[in-house]
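> Take a look at the following structure, please.
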Amino acid sequence: MKVLKFGGTSVGSPDRMKKLLNIINADERQIVVLSAVSGTTNSLVEIGQAYLASDKARAATLIATLKDKYELFIKELFNDEKCLSRGKEVIDYHFGLLSQLSNDLFTHIEDKIVLAQGELLSTTLYHVYLQEIGVPSVLLPALDFMRVDEDHEPVVDYITDHINPLLNKHLENKLFITQGYICKNSFGEIDNLRRGGSDYTASLIGAAIRSEEVQIWTDIDGMHNNDPRIVKSTQPISQLSFDEAAELAYFGAKILHPQSVFPAQKYKIPVRLLNTMDPQAAGTLITGDSVKDGIKSIAAKDDITAIKIQSSRMLLAYGFLRRVFEVFERYKTSIDMITTSEVGVSLTIDDTTHLGDITKELNSFGSVELDVNHTIICVVGDFGADKHGYAARVLESVKHIPIRMISYGGSDHNLSLLVKTEDKVEALRSLHSRLF
Ligand SMILES: Nc1ncnc2c1ncn2[C@@H]1O[C@H](COP(=O)(O)OP(=O)(O)O)[C@@H](O)[C@H]1O
Ligand SMILES: N[C@@H](CC(=O)OP(=O)(O)O)C(=O)O
């Protein structure tokens, strides 16, 4: 059984939604994971923020604007009067719920309920559309099987145990539709897999049902060798290993949710990145194998803060780095890059929620320097310890740009550079023109 995920752009208009059937083979047993219609989750984020700020008037305006969009959407989606009125009921229900939240105390629990409405809307409307055109399908409620634990980690065994009975209830059905992104947490509350999380839903379901393949359908023909929003004439990469794809996704290649690679990798499920606007294009196949040596792609991750801790006590002192890392562990803040010298250590973080407290604690080890507004440029490929020349080529390509940190050898797949964000575009373009 395959799992097909369609992102917000792929369901972004009634016309696009209708065209999904050119890709979905309704005669093959498969699970289709849908994101919210593009722009919806951003609007829901704003609605939640307005409620959290007790600005009910702004929330009401945002809700009304979004509802208007859906009123138009269903008029184009449905031909049949009965289905149109069913579509109207669906949007009245979800927008009624959004408005009603103003009557109660609004906390982060209600905020998650707001964020969940996008995927609930897109899947229900698509299900009604399939009924209109006579294609049998089953709507699987993701909240009945998608779950994260107290550390916000998805539980694959739980998903397996809960999705399989649902699938087995409908052995005669081929097409199953479900929501990406949304889940329940360990308290049984509605939660989500963080922004862009529908890819993660697809790979978790793929792992849970030991799917033959997970397909991520989006608006571009696979993982490109650089960020197409910044660099011209980027090219799709035909094959990547799970490790390479994970590095690229984590370091900014927005086409894939960073964590979505791991379930597929663990259960050896091939992942294909494909283009809804050009279904015949080969896309990118992600498997356990790395197909060729060399530099494959470049990605960039913004909003990075570098922290340098200098201490003469570090000289020959064992246990120093452990004590530094423990500070970050206490504040549940993950470290992306790290470089060391005998008298200092530099590391980077992207989550600055606890930066004040972290800095205070680090001050007891030595002098602490912070550099904000930095970007990690990540060059990904297959460069194991026996290979040579790649680092020299990368550094030669950015020799005119100040480099704050360099990390190489952490894995066989990644060479990362930390630059000021103002130098990012030049770094990406210069690397691209010299490396490919
Ligand atoms: N290296 C890359 N390869 C392909 N696309 C990338 C890359 N880096 C950034 N992108 C952007 O990712 C976008 C697709 O991701 P996303 O917006 O999450 O799609 P969807 O709405 O289908 O989930 C592309 O339109 C592209 O601009
Ligand atoms: N709708 C959610 C989840 C998602 O994955 O969306 P998309 O597939 O459009 O990136 C978001 O916008 O974050």
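Letters A, B, ... go to the chains of the structure tokens in the order shown; residues in each chain start at 1; ligands are counted from 1 in the same order.
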Could you list, as a PyMOL selection string, all protein and nucleic acid residues with an atom at most 10 Å from ligand 1, counting only C-alpha atoms and all ligand atoms?
chain A and resi 5-12+34-39+195-199+216-231+234-237+245+248-249+251-257+273-276+283-284+297-300
> Residues of region 101-238 of chain A classed as helix (DSSP H, G or I) by DSSP on the backbone are to be reported as a ChimeraX atom specification.
/A:101-103,108-132,142-144,156-168,198-208
> Rank nothing, just name the residue among A:Lys88, A:Ile309, A:Val327, A:Ile401 nearest to Asp68 (chain A), using only C-alpha atoms.
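Distance minimum relative to Asp68 (chain A) lands on A:Lys88.
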> Pick out the closest residue to Glu213 (chain A) from this set: A:Gln265, A:Thr352, A:Ser341, A:Thr359. Count only C-alpha atoms.
A:Gln265
> Which residue, A:Arg393, A:Lys308, A:Lys266, A:Lys112, has the smallest gap to Ile338 (chain A) when you use only C-alpha atoms?
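Counting only C-alpha atoms, the residue closest to Ile338 (chain A) is A:Lys308.
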> A:Thr201, A:Ser433, A:Gln30, A:Gln239: which is nearest ligand 2, counting only C-alpha atoms and all ligand atoms?
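Nearest to ligand 2: A:Thr201.
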> Could you give me, as a ChimeraX atom specification, the residues within 9 Å of Leu98 (chain A), counting only C-alpha atoms and dropping anything in the same chain fewer than 4 positions from it?
/A:47,60,63,93-94,102,113-114,117
> Give me the residues near Lys67 (chain A) as a list in words, where near means some atom within 10 Å (using only C-alpha atoms) and where sequence neighbours in that chain fewer than 4 positions away do not count.
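Near neighbours after the sequence-gap exclusion: Thr61, Leu62, Ile63, Glu71, Leu72, Phe73, Ile91, Asp92, His94, Phe95 and Gly96 of chain A.
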> Counting only C-alpha atoms, which residue out of A:His127, A:Arg194, A:Lys232, A:His374 sits closest to His432 (chain A)?
A:Lys232
> Could you tell me how far CA of Glu426 (chain A) lies from CA of Ile304 (chain A), in Å and to one decimal?
17.4 Å
> So what do you get for CA of Asp144 (chain A) versus CA of Lys268 (chain A), distance-wise?
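Computed distance, CA of Asp144 (chain A) to CA of Lys268 (chain A), equals 25.0 Å.
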> Name all residues at most 12 Å from Leu171 (chain A) (count only C-alpha atoms; drop same-chain ones fewer than 3 positions away) and give them as a PyMOL selection string.
chain A and resi 29-30+137-138+164-168+174-176
> What would the file look like if the residues just selected were written as a compact mmCIF listing (two decimals), in the first residue's frame with N, CA and C atoms?

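Done, and the output landed in out31.txt:
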# COMPACT_ATOMS: atom_id res chain seq x y z
N ARG A 29 -5.11 0.38 -3.61
CA ARG A 29 -5.33 0.68 -2.18
C ARG A 29 -4.24 1.64 -1.70
N GLN A 30 -4.63 2.79 -1.25
CA GLN A 30 -3.64 3.78 -0.82
C GLN A 30 -4.22 4.77 0.19
N SER A 137 -14.48 6.58 -1.17
CA SER A 137 -13.30 6.81 -0.32
C SER A 137 -13.73 6.78 1.14
N VAL A 138 -12.74 6.57 2.00
CA VAL A 138 -13.01 6.56 3.45
C VAL A 138 -12.20 7.68 4.08
N ASN A 164 -4.30 0.31 11.76
CA ASN A 164 -4.59 -0.97 11.09
C ASN A 164 -6.03 -1.44 11.29
N PRO A 165 -6.57 -1.37 12.52
CA PRO A 165 -7.98 -1.76 12.67
C PRO A 165 -8.92 -0.90 11.80
N LEU A 166 -8.58 0.39 11.66
CA LEU A 166 -9.44 1.26 10.83
C LEU A 166 -9.38 0.82 9.37
N LEU A 167 -8.16 0.49 8.92
CA LEU A 167 -8.02 0.03 7.53
C LEU A 167 -8.71 -1.31 7.33
N ASN A 168 -8.59 -2.17 8.35
CA ASN A 168 -9.18 -3.52 8.23
C ASN A 168 -10.71 -3.49 8.25
N LYS A 174 -10.59 1.18 -1.38
CA LYS A 174 -9.22 1.35 -1.87
C LYS A 174 -8.62 2.68 -1.42
N LEU A 175 -9.46 3.70 -1.42
CA LEU A 175 -8.92 5.05 -1.22
C LEU A 175 -9.26 5.58 0.17
N PHE A 176 -8.20 5.91 0.91
CA PHE A 176 -8.37 6.45 2.27
C PHE A 176 -7.80 7.87 2.29
> Counting only C-alpha atoms, what is within 10 Å of Asp351 (chain A), bar same-chain residues fewer than 4 positions away, as a PyMOL selection string?
chain A and resi 303-305+332-335+355
> Write the residues of the selection above to a file with N, CA and C atoms, as a PDB file, in the first residue's frame.

ATOM      1  N   ASP A 303      18.215  32.495  11.056  1.00  0.00           N
ATOM      2  CA  ASP A 303      17.886  32.753  12.474  1.00  0.00           C
ATOM      3  C   ASP A 303      18.751  31.955  13.434  1.00  0.00           C
ATOM      4  N   ILE A 304      20.033  31.913  13.110  1.00  0.00           N
ATOM      5  CA  ILE A 304      20.967  31.165  13.942  1.00  0.00           C
ATOM      6  C   ILE A 304      21.720  32.140  14.859  1.00  0.00           C
ATOM      7  N   THR A 305      21.872  31.740  16.108  1.00  0.00           N
ATOM      8  CA  THR A 305      22.677  32.510  17.063  1.00  0.00           C
ATOM      9  C   THR A 305      23.927  31.703  17.400  1.00  0.00           C
ATOM     10  N   LYS A 332      16.402  22.406  27.340  1.00  0.00           N
ATOM     11  CA  LYS A 332      15.828  21.706  26.174  1.00  0.00           C
ATOM     12  C   LYS A 332      16.111  22.466  24.879  1.00  0.00           C
ATOM     13  N   THR A 333      17.355  22.926  24.735  1.00  0.00           N
ATOM     14  CA  THR A 333      17.731  23.698  23.548  1.00  0.00           C
ATOM     15  C   THR A 333      18.770  22.901  22.766  1.00  0.00           C
ATOM     16  N   SER A 334      18.445  22.587  21.528  1.00  0.00           N
ATOM     17  CA  SER A 334      19.395  21.741  20.794  1.00  0.00           C
ATOM     18  C   SER A 334      20.457  22.587  20.095  1.00  0.00           C
ATOM     19  N   ILE A 335      21.614  21.976  19.954  1.00  0.00           N
ATOM     20  CA  ILE A 335      22.772  22.641  19.358  1.00  0.00           C
ATOM     21  C   ILE A 335      22.911  22.125  17.925  1.00  0.00           C
ATOM     22  N   LEU A 355      17.631  31.844  25.862  1.00  0.00           N
ATOM     23  CA  LEU A 355      19.001  32.346  25.678  1.00  0.00           C
ATOM     24  C   LEU A 355      19.509  33.126  26.898  1.00  0.00           C
TER      25      LEU A 355
END
> For ligand 2, which residue among A:Ser43, A:Ile74, A:Gly356, A:Lys69 is the nearest when counting only C-alpha atoms and all ligand atoms?
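Between A:Ser43, A:Ile74, A:Gly356, A:Lys69, the residue approaching ligand 2 most closely is A:Ser43.
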> Taking the chain letters and numbering used in this document, name the residues of region 104-303 of chain A that DSSP puts in strand (DSSP E or B), as JSON, numbers by chain.
{"A": [138, 139, 140, 147, 148, 154, 175, 176, 177, 178, 179, 182, 183, 184, 190, 191, 192, 213, 214, 215, 216, 217, 218, 224, 236, 239, 240, 241, 271, 272, 273, 274, 275, 284, 285, 286, 287, 294, 295, 296, 297, 298, 299, 300, 301, 302, 303]}
